[in-house]
Amino acid sequence: QAMYAVVHGGVDRDLRAHSAAYLSSLPFDGMAIGGSLGASRDEMFALIEFMRGKLPAEKPIHLLGIADPQSVRSIVPHGVDTFDSCFPTRVARHGTLFTKAGSIHIKQGKYRADFGPIDPELATIDASRAYMHHLAKMS
């Protein structure tokens, strides 16, 4: 089990830098970025880019509270290694599945008799869209 330091400071770059400098001096296994990341995606991306230069390059970086596919694709190139968020669970609970072609809403009736794979472009669990439709409707 690893212990991560959580860097806070809101959107204030001086507070973030101070928090990162102090926490980086301690023997944590990794660093996490938490708290408010801005009011827009652009602010969040800029803040994460700024933070990456303030965190130890040899330690893994974890981002708290962000895990939607668009953000993950944009943030990984900035050195963030792992994510956690209620987003995947919440959208799954409402019947949304992510595929290479985009999201599908498996509770829709058109999937009732669709015995094709969940994502034809990706090897996934051995279950059809019809079976996933059934499971989603039963929950």
# chains A, B, ... in the order shown; residues from 1 in each chain; ligands from 1
call {"tool": "residues_around", "arguments": {"residues": "Ser103 (chain A)", "least_positions_apart": "4", "cutoff": "12 Å", "atoms": "only C-alpha atoms", "output": "MDAnalysis selection string"}}
result
chainID A and resid 68:70 88 91:92 95:99 118:119
call {"tool": "write_last_selection", "arguments": {"atoms": "all heavy atoms", "output": "compact mmCIF listing (two decimals), in the first residue's frame"}}
result
# COMPACT_ATOMS: atom_id res chain seq x y z
N ASP A 68 -13.47 11.63 -16.44
CA ASP A 68 -14.24 11.50 -17.67
C ASP A 68 -13.26 11.30 -18.83
O ASP A 68 -12.13 11.77 -18.78
CB ASP A 68 -15.12 12.74 -17.89
CG ASP A 68 -14.31 14.00 -18.07
OD1 ASP A 68 -13.83 14.54 -17.06
OD2 ASP A 68 -14.13 14.44 -19.22
N PRO A 69 -13.67 10.55 -19.84
CA PRO A 69 -12.73 10.19 -20.92
C PRO A 69 -12.03 11.38 -21.58
O PRO A 69 -10.83 11.32 -21.85
CB PRO A 69 -13.62 9.45 -21.92
CG PRO A 69 -14.72 8.88 -21.09
CD PRO A 69 -14.97 9.91 -20.01
N GLN A 70 -12.74 12.46 -21.85
CA GLN A 70 -12.13 13.61 -22.52
C GLN A 70 -11.02 14.22 -21.66
O GLN A 70 -9.94 14.53 -22.16
CB GLN A 70 -13.19 14.66 -22.84
CG GLN A 70 -12.62 15.87 -23.55
CD GLN A 70 -13.68 16.94 -23.82
OE1 GLN A 70 -14.84 16.78 -23.48
NE2 GLN A 70 -13.26 18.03 -24.41
N PRO A 88 -17.18 7.39 -13.49
CA PRO A 88 -17.45 6.12 -14.18
C PRO A 88 -18.59 5.32 -13.53
O PRO A 88 -19.43 4.75 -14.23
CB PRO A 88 -16.12 5.35 -14.08
CG PRO A 88 -15.10 6.41 -13.87
CD PRO A 88 -15.79 7.48 -13.07
N VAL A 91 -22.08 7.14 -14.34
CA VAL A 91 -22.61 6.97 -15.69
C VAL A 91 -22.98 5.52 -15.95
O VAL A 91 -23.95 5.24 -16.65
CB VAL A 91 -21.67 7.52 -16.78
CG1 VAL A 91 -21.49 9.02 -16.64
CG2 VAL A 91 -20.35 6.82 -16.83
N ALA A 92 -22.22 4.58 -15.36
CA ALA A 92 -22.57 3.15 -15.51
C ALA A 92 -23.91 2.86 -14.85
O ALA A 92 -24.73 2.11 -15.39
CB ALA A 92 -21.47 2.28 -14.93
N GLY A 95 -26.66 3.46 -17.07
CA GLY A 95 -26.71 2.66 -18.29
C GLY A 95 -25.85 3.14 -19.43
O GLY A 95 -26.10 2.78 -20.57
N THR A 96 -24.81 3.89 -19.16
CA THR A 96 -23.92 4.35 -20.22
C THR A 96 -22.68 3.46 -20.26
O THR A 96 -22.06 3.20 -19.24
CB THR A 96 -23.49 5.81 -19.99
OG1 THR A 96 -24.66 6.63 -19.98
CG2 THR A 96 -22.55 6.30 -21.07
N LEU A 97 -22.35 2.99 -21.45
CA LEU A 97 -21.13 2.21 -21.67
C LEU A 97 -20.23 3.00 -22.61
O LEU A 97 -20.70 3.62 -23.56
CB LEU A 97 -21.46 0.86 -22.31
CG LEU A 97 -22.42 -0.06 -21.57
CD1 LEU A 97 -22.64 -1.34 -22.38
CD2 LEU A 97 -21.91 -0.38 -20.19
N PHE A 98 -18.93 2.97 -22.34
CA PHE A 98 -17.97 3.65 -23.22
C PHE A 98 -17.39 2.65 -24.21
O PHE A 98 -16.99 1.56 -23.85
CB PHE A 98 -16.84 4.28 -22.41
CG PHE A 98 -17.30 5.36 -21.48
CD1 PHE A 98 -17.12 5.26 -20.11
CD2 PHE A 98 -17.93 6.50 -21.97
CE1 PHE A 98 -17.55 6.26 -19.26
CE2 PHE A 98 -18.38 7.50 -21.13
CZ PHE A 98 -18.18 7.38 -19.77
N THR A 99 -17.36 3.06 -25.48
CA THR A 99 -16.78 2.24 -26.54
C THR A 99 -15.79 3.11 -27.31
O THR A 99 -15.76 4.33 -27.14
CB THR A 99 -17.85 1.71 -27.50
OG1 THR A 99 -18.35 2.80 -28.28
CG2 THR A 99 -18.99 1.02 -26.76
N ILE A 118 -20.06 -5.75 -27.02
CA ILE A 118 -20.22 -4.41 -26.45
C ILE A 118 -19.48 -3.41 -27.31
O ILE A 118 -20.01 -2.37 -27.67
CB ILE A 118 -19.72 -4.37 -25.00
CG1 ILE A 118 -20.59 -5.29 -24.13
CG2 ILE A 118 -19.72 -2.95 -24.46
CD1 ILE A 118 -20.02 -5.57 -22.77
N ASP A 119 -18.23 -3.72 -27.64
CA ASP A 119 -17.42 -2.84 -28.49
C ASP A 119 -16.72 -3.72 -29.53
O ASP A 119 -15.79 -4.45 -29.20
CB ASP A 119 -16.39 -2.08 -27.67
CG ASP A 119 -15.63 -1.03 -28.46
OD1 ASP A 119 -15.61 -1.11 -29.71
OD2 ASP A 119 -15.06 -0.13 -27.84
call {"tool": "residues_around", "arguments": {"residues": "His94 (chain A)", "least_positions_apart": "3", "cutoff": "10 Å", "atoms": "only C-alpha atoms", "output": "short mmCIF file (atom, residue, chain, number, x, y, z; two decimals) with C-alpha atoms, in the first residue's frame"}}
result
data_model
loop_
_atom_site.label_atom_id
_atom_site.label_comp_id
_atom_site.auth_asym_id
_atom_site.auth_seq_id
_atom_site.Cartn_x
_atom_site.Cartn_y
_atom_site.Cartn_z
CA THR A 89 -19.70 4.56 -11.51
CA ARG A 90 -22.36 7.24 -11.90
CA VAL A 91 -22.61 6.97 -15.69
CA LEU A 97 -21.13 2.21 -21.67
CA HIS A 105 -26.97 4.15 -23.62
CA ILE A 106 -27.52 0.43 -23.10
CA LYS A 107 -30.98 0.83 -21.52
CA ALA A 136 -29.10 -2.55 -16.81
CA LYS A 137 -32.88 -2.85 -16.95
CA SER A 139 -30.92 -2.92 -11.72
#
call {"tool": "select_by_dssp", "arguments": {"residues": "chain A", "states": "helix (DSSP H, G or I)", "output": "VMD selection string"}}
result
chain A and resid 13 to 24 41 to 52 69 to 78 87 to 93 109 to 111 129 to 138
call {"tool": "select_by_dssp", "arguments": {"residues": "chain A", "states": "strand (DSSP E or B)", "output": "PyMOL selection string"}}
result
chain A and resi 4-7+30-33+61-64+82-84+96-99+102-105+117+128
call {"tool": "closest_atom_pairs", "arguments": {"of": "region 79-104 of chain A", "to": "region 41-63 of chain A", "cutoff": "8 Å", "atoms": "only C-alpha atoms", "output": "JSON lines"}}
result
{"residue": "A:Gly79", "atom": "CA", "partner": "A:Arg52", "partner_atom": "CA", "distance": 6.8}
{"residue": "A:Val80", "atom": "CA", "partner": "A:Ile61", "partner_atom": "CA", "distance": 5.0}
{"residue": "A:Asp81", "atom": "CA", "partner": "A:Ile61", "partner_atom": "CA", "distance": 5.3}
{"residue": "A:Thr82", "atom": "CA", "partner": "A:His62", "partner_atom": "CA", "distance": 4.7}
{"residue": "A:Phe83", "atom": "CA", "partner": "A:Leu63", "partner_atom": "CA", "distance": 4.9}
{"residue": "A:Asp84", "atom": "CA", "partner": "A:Leu63", "partner_atom": "CA", "distance": 6.8}
call {"tool": "write_last_selection", "arguments": {"atoms": "all heavy atoms", "output": "PDB file, in the first residue's frame"}}
result
ATOM      1  N   GLY A  79       1.591  14.108 -17.585  1.00  0.00           N
ATOM      2  CA  GLY A  79       2.292  13.344 -16.561  1.00  0.00           C
ATOM      3  C   GLY A  79       1.441  12.774 -15.456  1.00  0.00           C
ATOM      4  O   GLY A  79       1.973  12.204 -14.506  1.00  0.00           O
ATOM      5  N   VAL A  80       0.125  12.891 -15.541  1.00  0.00           N
ATOM      6  CA  VAL A  80      -0.735  12.304 -14.511  1.00  0.00           C
ATOM      7  C   VAL A  80      -0.859  10.809 -14.811  1.00  0.00           C
ATOM      8  O   VAL A  80      -1.144  10.412 -15.936  1.00  0.00           O
ATOM      9  CB  VAL A  80      -2.110  12.992 -14.465  1.00  0.00           C
ATOM     10  CG1 VAL A  80      -3.041  12.287 -13.489  1.00  0.00           C
ATOM     11  CG2 VAL A  80      -1.948  14.455 -14.066  1.00  0.00           C
ATOM     12  N   ASP A  81      -0.606  10.004 -13.779  1.00  0.00           N
ATOM     13  CA  ASP A  81      -0.560   8.553 -13.948  1.00  0.00           C
ATOM     14  C   ASP A  81      -1.865   7.848 -13.623  1.00  0.00           C
ATOM     15  O   ASP A  81      -2.223   6.861 -14.277  1.00  0.00           O
ATOM     16  CB  ASP A  81       0.538   7.967 -13.057  1.00  0.00           C
ATOM     17  CG  ASP A  81       1.894   8.552 -13.395  1.00  0.00           C
ATOM     18  OD1 ASP A  81       2.360   8.327 -14.519  1.00  0.00           O
ATOM     19  OD2 ASP A  81       2.479   9.244 -12.535  1.00  0.00           O
ATOM     20  N   THR A  82      -2.568   8.298 -12.581  1.00  0.00           N
ATOM     21  CA  THR A  82      -3.794   7.626 -12.149  1.00  0.00           C
ATOM     22  C   THR A  82      -4.862   8.651 -11.797  1.00  0.00           C
ATOM     23  O   THR A  82      -4.558   9.815 -11.522  1.00  0.00           O
ATOM     24  CB  THR A  82      -3.529   6.705 -10.935  1.00  0.00           C
ATOM     25  OG1 THR A  82      -2.956   7.485  -9.877  1.00  0.00           O
ATOM     26  CG2 THR A  82      -2.608   5.554 -11.289  1.00  0.00           C
ATOM     27  N   PHE A  83      -6.106   8.174 -11.795  1.00  0.00           N
ATOM     28  CA  PHE A  83      -7.266   9.035 -11.569  1.00  0.00           C
ATOM     29  C   PHE A  83      -8.256   8.320 -10.662  1.00  0.00           C
ATOM     30  O   PHE A  83      -8.280   7.099 -10.622  1.00  0.00           O
ATOM     31  CB  PHE A  83      -7.989   9.316 -12.894  1.00  0.00           C
ATOM     32  CG  PHE A  83      -7.137   9.974 -13.929  1.00  0.00           C
ATOM     33  CD1 PHE A  83      -6.251   9.240 -14.699  1.00  0.00           C
ATOM     34  CD2 PHE A  83      -7.217  11.335 -14.136  1.00  0.00           C
ATOM     35  CE1 PHE A  83      -5.459   9.846 -15.660  1.00  0.00           C
ATOM     36  CE2 PHE A  83      -6.430  11.956 -15.093  1.00  0.00           C
ATOM     37  CZ  PHE A  83      -5.550  11.203 -15.854  1.00  0.00           C
ATOM     38  N   ASP A  84      -9.085   9.080  -9.976  1.00  0.00           N
ATOM     39  CA  ASP A  84     -10.238   8.496  -9.304  1.00  0.00           C
ATOM     40  C   ASP A  84     -11.363   9.511  -9.316  1.00  0.00           C
ATOM     41  O   ASP A  84     -11.137  10.708  -9.292  1.00  0.00           O
ATOM     42  CB  ASP A  84      -9.921   8.057  -7.866  1.00  0.00           C
ATOM     43  CG  ASP A  84      -9.833   9.212  -6.915  1.00  0.00           C
ATOM     44  OD1 ASP A  84      -8.743   9.800  -6.790  1.00  0.00           O
ATOM     45  OD2 ASP A  84     -10.862   9.553  -6.301  1.00  0.00           O
TER      46      ASP A  84
END
call {"tool": "closest_residue", "arguments": {"among": "A:Asp114, A:Gly35, A:Pro27, A:Ser40", "to": "Asp12 (chain A)", "atoms": "only C-alpha atoms"}}
result
A:Gly35
call {"tool": "closest_residue", "arguments": {"among": "A:Ser25, A:Ala127, A:Ser85, A:Gly30", "to": "Ile66 (chain A)", "atoms": "only C-alpha atoms"}}
result
A:Ser85
call {"tool": "closest_residue", "arguments": {"among": "A:His18, A:Lys100, A:Arg13, A:His8", "to": "Ala32 (chain A)", "atoms": "only C-alpha atoms"}}
result
A:His8
call {"tool": "closest_residue", "arguments": {"among": "A:Ile33, A:Ala123, A:Val7, A:Ala39", "to": "Ser19 (chain A)", "atoms": "only C-alpha atoms"}}
result
A:Val7
call {"tool": "closest_residue", "arguments": {"among": "A:Ala21, A:Met132, A:Leu64, A:Asp14", "to": "Ser36 (chain A)", "atoms": "only C-alpha atoms"}}
result
A:Leu64
